Number of protein chains: 2
Amino acid sequence: MPVTIYDVAREAGVSMATVSRVVNGNPNVKPLTRKKVLAAIERLGYRPNAVARGLASKKTTTVGVIIPDISSLFFSELARGIEDIATMYKYNIILCNSDQRLEKELQLINTLLEKQVDGLLFMGAEIKEDHLQALTSSSVPTVLAATRDADNTLPSVTIDHFQAAYDATKELIDHGHKRIAMITGPMNDPLGGLMRYEGYKQALQDAGLKLDDALVTQGNLFYESGLRATSQFLSLEKRPTAVFAANDEMAIGAIHAAQDAGLKVPDDLEVIGHDNIRLVEMVRPRLTSVVQPMYDIGAVAMRLLTKYMNNEQVDQHVVLLPHRIEYRESTRPRATATS
Amino acid sequence: MPVTIYDVAREAGVSMATVSRVVNGNPNVKPLTRKKVLAAIERLGYRPNAVARGLASKKTTTVGVIIPDISSLFFSELARGIEDIATMYKYNIILCNSDQRLEKELQLINTLLEKQVDGLLFMGAEIKEDHLQALTSSSVPTVLAATRDADNTLPSVTIDHFQAAYDATKELIDHGHKRIAMITGPMNDPLGGLMRYEGYKQALQDAGLKLDDALVTQGNLFYESGLRATSQFLSLEKRPTAVFAANDEMAIGAIHAAQDAGLKVPDDLEVIGHDNIRLVEMVRPRLTSVVQPMYDIGAVAMRLLTKYMNNEQVDQHVVLLPHRIEYRESTRPRATATS
DNA sequence: AAATAAGATGAAAACCATAAAATGGGAAAG
DNA sequence: CTTTCCCATTTTATGGTTTTCATCTTATTT
């Protein structure tokens, strides 16, 4: 039977209320009393029971995190950002993998609410009506990280995926390419899939290039699919001379497909990836990539959540973090203004 | 104000005890009563409060997971194994990053025990007396994953690191190499650092090769350090012709260092990595690596923990999972028995 | 010195569930 | 027709805190 606050009270010759005050750093305690209590705590090896505390205070200092797959480089980086900030604000994290399966996501939301989390951080692709309903079925604050719902009902932290894809494509266009392929993400993902594709299309259109459906393939974000898509591109009669991939893993697949076909990157094929995961430094040539600041997205999302949990004023509930392109050797040196 | 079990009881015209039974699937409830209760739950949108339940039942169905760094490919894979099995057994996971800092580790153990986790899963390098003491300061079952304490006091799940390193080195020896370099992990890590080094040494010794200190460098497990270590090796007068790296990231660094120096892998330099993380498929040439089944280690560790949490009989508290070498193109084809 | 304010402490209720003990009704056993 | 047993259910106690609210000290003001 573990030591309770009552035992400490008896040992110190005070009431439990006083012990509680000492433990919680309430200033209204005489120094001498505090000392006695602290001594008793030490002597007995008292360890507060957070469950009891949670029941009494209706706060668990725990937030639920629903993530598609923690073993993905992308999400694990995000998770680290979340956890770091959570720690900073004295929260713990219950981490759950959803594999982006709707049913599981809904069930997880429910489980986490049962566990009385103080807040919820949700990552996933599409946010459906079901999600919204489940997430608002209690008054627990929720923040979306690296995703958004269509109507911006919920607070969210993302980058501007349309613009990011636009910029990447524009960069390739500026390099003089006319045939630019794209390996998209799953199109049921409104941001990472659809939005990036839209940005690509828009950039082509603005440059007066016409979209060639043969140069667009939907990938599944994994290396293999980038490899496959690209070797298919390269088997075309009219090959692309540049590839924009919706994530880095596929982009690396693209590089290797080119190399396997005896082509040089970037000379014969330029490649731009997306996300700038740590992998980009571990390929030859190193991969030029659109920086999506995963860690920061996680960190900012968590910070935002703490504000909601503390009823702080929030002026912007939809946060767009800046993106940029990190240039490496999978693209040719940038055209500096020359004649 | 949320709906409580009491509200449901009133609505259904029964006592809270009966509601509790229905919610917990206790069979001793008349079908009609169960139906009434279920209807009331539905009508009121009742959601059990897991904190209250935890206080009353002294079980939280939550386990604490202390991991060095979730953003590492190695550990995130492990974490996924843990989480999958946890889910299977209806547990949730509180995930904490320790960065392998002793102070933080101890503090996390304490926090998790305060939160009344039903079990603890610990990952880290060295297990010191402090750890043991903190981990046994309560009677919460603990399992070590991918690490062990020196005396095997605690249950653990690992592979045989000595043997794994021995095998990898032996493989290179069998390829006829006389100068085999090693990039070790941090030596304060008894398993991933020291043990692998010991295995390497033993293999050399058994083959009658003598250890050359110039061919051993301590790395920090990151890509860069593999890159640096190898380019240093290659600047030696008497170059190594093969490299064994204590993890894959460093091994990939080794490959690139060789390539940057104009050498061919595996023709001029054979490289073997360790862990077989997903990255090994994303380099050219693809990396031969010692398979450390991260996912399985996590899964088995979690399974073991569930046994302890349910007071099941455990016959082996120190589990060694099998390892093997996965051959790819960074090593030459294996010598099949020829003349 | 009296009145008042402020600070320190304690007693008891509340938090929401589970667990153990008690109750009542009906069936089987004697 | 009791007695015993079983089943479904209720009653009561319990878990370990925090949180009012009341009380008692002590300090401050006039």
# chains A, B, ... in the order shown; residues from 1 in each chain; ligands from 1
$ interface_residues --of "chain C" --to "chain B" --cutoff "10 Å" --atoms "only C-alpha atoms (C1' of nucleotides)" --output "PyMOL selection string"
chain C and resi 15-19
$ interface_residues --of "chain A" --to "chain B" --cutoff "8 Å" --atoms "only C-alpha atoms" --output "number ranges by chain"
A: 47-52, 54-55, 69-73, 76-80, 83, 92-97, 114-116, 223, 252-253, 256, 282-284
$ select_by_dssp --residues "range 41-273 of chain A" --states "strand (DSSP E)" --output "PyMOL selection string"
chain A and resi 62-67+92-97+119-122+142-145+156-159+180-184+216-218+242-245+270-273
$ closest_atom_pairs --of "chain D" --to "chain B" --cutoff "10 Å" --atoms "only C-alpha atoms (C1' of nucleotides)" --output "tab-separated table"
residue	atom	partner	partner_atom	distance
D:DC7	C1'	B:Asn28	CA	7.7
D:DA8	C1'	B:Val29	CA	6.4
D:DT9	C1'	B:Thr18	CA	7.0
D:DT10	C1'	B:Ser15	CA	6.4
D:DT11	C1'	B:Ser15	CA	9.2
D:DT14	C1'	B:Ala56	CA	7.6
D:DG15	C1'	B:Ala56	CA	5.0
D:DG16	C1'	B:Leu55	CA	7.8
$ write_last_selection --atoms "C-alpha atoms (C1' of nucleotides)" --output "PDB file, in the first residue's frame"
ATOM      1  C1'  DC D   7     -28.739 -14.763  -9.289  1.00  0.00           C
ATOM      2  C1'  DA D   8     -29.616  -9.974 -10.125  1.00  0.00           C
ATOM      3  C1'  DT D   9     -29.342  -5.941  -8.003  1.00  0.00           C
ATOM      4  C1'  DT D  10     -28.607  -2.383  -4.512  1.00  0.00           C
ATOM      5  C1'  DT D  11     -26.069  -0.326  -0.750  1.00  0.00           C
ATOM      6  C1'  DT D  14     -13.205   3.067  -0.878  1.00  0.00           C
ATOM      7  C1'  DG D  15      -9.590   5.132  -3.943  1.00  0.00           C
ATOM      8  C1'  DG D  16      -6.221   9.831  -3.181  1.00  0.00           C
TER       9       DG D  16
END
$ residues_around --residues "range 21-27 of chain D" --least-positions-apart "6" --cutoff "9 Å" --atoms "only C-alpha atoms (C1' of nucleotides)" --output "count of residues only"
7
$ select_by_dssp --residues "range 65-264 of chain A" --states "alpha helix (DSSP H)" --output "JSON, numbers by chain"
{"A": [73, 74, 75, 76, 77, 78, 79, 80, 81, 82, 83, 84, 85, 86, 87, 88, 102, 103, 104, 105, 106, 107, 108, 109, 110, 111, 112, 113, 114, 129, 130, 131, 132, 133, 134, 135, 161, 162, 163, 164, 165, 166, 167, 168, 169, 170, 171, 172, 173, 174, 196, 197, 198, 199, 200, 201, 202, 203, 204, 205, 206, 223, 224, 225, 226, 227, 228, 229, 230, 231, 232, 233, 234, 248, 249, 250, 251, 252, 253, 254, 255, 256, 257, 258, 259, 260]}
$ closest_residue --among "B:Asp174, B:Gln133, B:Glu11, B:Ile67" --to "Asp99 in chain B" --atoms "only C-alpha atoms"
B:Ile67
$ atom_distance --atom1 "CA of Ile277 in chain A" --atom2 "CA of Ser289 in chain A"
8.6 Å
$ residues_around --residues "Ala203 in chain A" --least-positions-apart "3" --cutoff "10 Å" --atoms "only C-alpha atoms (C1' of nucleotides)" --output "list in words"
Phe162, Gln163, Ala165, Tyr166, Asp167, Ala168, Thr169, Lys170, Glu171, Leu172, Ile173, Tyr197, Glu198, Gly199, Tyr200, Asp206, Ala207, Gly208 and Leu209 of chain A
$ write_last_selection --atoms "C-alpha atoms" --output "PDB file, in the first residue's frame"
ATOM      1  CA  PHE A 162      -0.209  24.942 -52.952  1.00  0.00           C
ATOM      2  CA  GLN A 163       2.407  27.645 -52.921  1.00  0.00           C
ATOM      3  CA  ALA A 165       4.443  23.014 -54.939  1.00  0.00           C
ATOM      4  CA  TYR A 166       4.079  26.056 -57.119  1.00  0.00           C
ATOM      5  CA  ASP A 167       7.481  27.309 -56.064  1.00  0.00           C
ATOM      6  CA  ALA A 168       9.170  23.992 -56.664  1.00  0.00           C
ATOM      7  CA  THR A 169       7.668  23.642 -60.097  1.00  0.00           C
ATOM      8  CA  LYS A 170       8.448  27.247 -60.919  1.00  0.00           C
ATOM      9  CA  GLU A 171      12.030  26.631 -60.004  1.00  0.00           C
ATOM     10  CA  LEU A 172      12.251  23.815 -62.508  1.00  0.00           C
ATOM     11  CA  ILE A 173      10.553  25.932 -65.115  1.00  0.00           C
ATOM     12  CA  TYR A 197      -0.738  18.804 -57.550  1.00  0.00           C
ATOM     13  CA  GLU A 198      -2.767  21.957 -57.978  1.00  0.00           C
ATOM     14  CA  GLY A 199       0.283  24.063 -57.292  1.00  0.00           C
ATOM     15  CA  TYR A 200       2.197  22.148 -59.913  1.00  0.00           C
ATOM     16  CA  ASP A 206       1.281  30.376 -65.568  1.00  0.00           C
ATOM     17  CA  ALA A 207       4.377  29.538 -67.586  1.00  0.00           C
ATOM     18  CA  GLY A 208       2.338  28.665 -70.617  1.00  0.00           C
ATOM     19  CA  LEU A 209       3.294  25.007 -70.448  1.00  0.00           C
TER      20      LEU A 209
END
$ decode --residues "chain C" --atoms "C-alpha atoms (C1' of nucleotides)" --output "mmCIF file, in the first residue's frame"
data_model
loop_
_atom_site.group_PDB
_atom_site.id
_atom_site.type_symbol
_atom_site.label_atom_id
_atom_site.label_comp_id
_atom_site.auth_asym_id
_atom_site.auth_seq_id
_atom_site.Cartn_x
_atom_site.Cartn_y
_atom_site.Cartn_z
ATOM 1 C "C1'" DA C 1 -6.268 48.905 22.463
ATOM 2 C "C1'" DA C 2 -9.736 47.923 19.309
ATOM 3 C "C1'" DA C 3 -10.945 47.068 14.669
ATOM 4 C "C1'" DT C 4 -9.766 45.263 10.499
ATOM 5 C "C1'" DA C 5 -7.299 42.932 7.127
ATOM 6 C "C1'" DA C 6 -4.527 39.364 5.664
ATOM 7 C "C1'" DG C 7 -2.410 34.921 6.122
ATOM 8 C "C1'" DA C 8 -2.256 30.142 7.580
ATOM 9 C "C1'" DT C 9 -4.677 26.016 8.504
ATOM 10 C "C1'" DG C 10 -8.282 22.474 8.965
ATOM 11 C "C1'" DA C 11 -12.757 19.977 8.086
ATOM 12 C "C1'" DA C 12 -15.580 18.188 4.870
ATOM 13 C "C1'" DA C 13 -17.466 17.810 0.341
ATOM 14 C "C1'" DA C 14 -16.638 16.638 -4.277
ATOM 15 C "C1'" DC C 15 -14.602 14.146 -8.240
ATOM 16 C "C1'" DC C 16 -16.552 9.433 -10.755
ATOM 17 C "C1'" DA C 17 -15.938 5.223 -10.836
ATOM 18 C "C1'" DT C 18 -15.126 0.059 -8.895
ATOM 19 C "C1'" DA C 19 -15.337 -3.428 -5.309
ATOM 20 C "C1'" DA C 20 -17.119 -5.669 -1.495
ATOM 21 C "C1'" DA C 21 -20.887 -6.613 1.274
ATOM 22 C "C1'" DA C 22 -25.801 -6.832 1.804
ATOM 23 C "C1'" DT C 23 -30.465 -7.698 0.154
ATOM 24 C "C1'" DG C 24 -34.407 -9.762 -1.877
ATOM 25 C "C1'" DG C 25 -36.604 -13.161 -4.850
ATOM 26 C "C1'" DG C 26 -36.957 -17.540 -6.876
ATOM 27 C "C1'" DA C 27 -35.564 -22.265 -7.623
ATOM 28 C "C1'" DA C 28 -33.728 -26.526 -6.057
ATOM 29 C "C1'" DA C 29 -32.921 -29.635 -2.264
ATOM 30 C "C1'" DG C 30 -34.166 -31.750 1.846
#
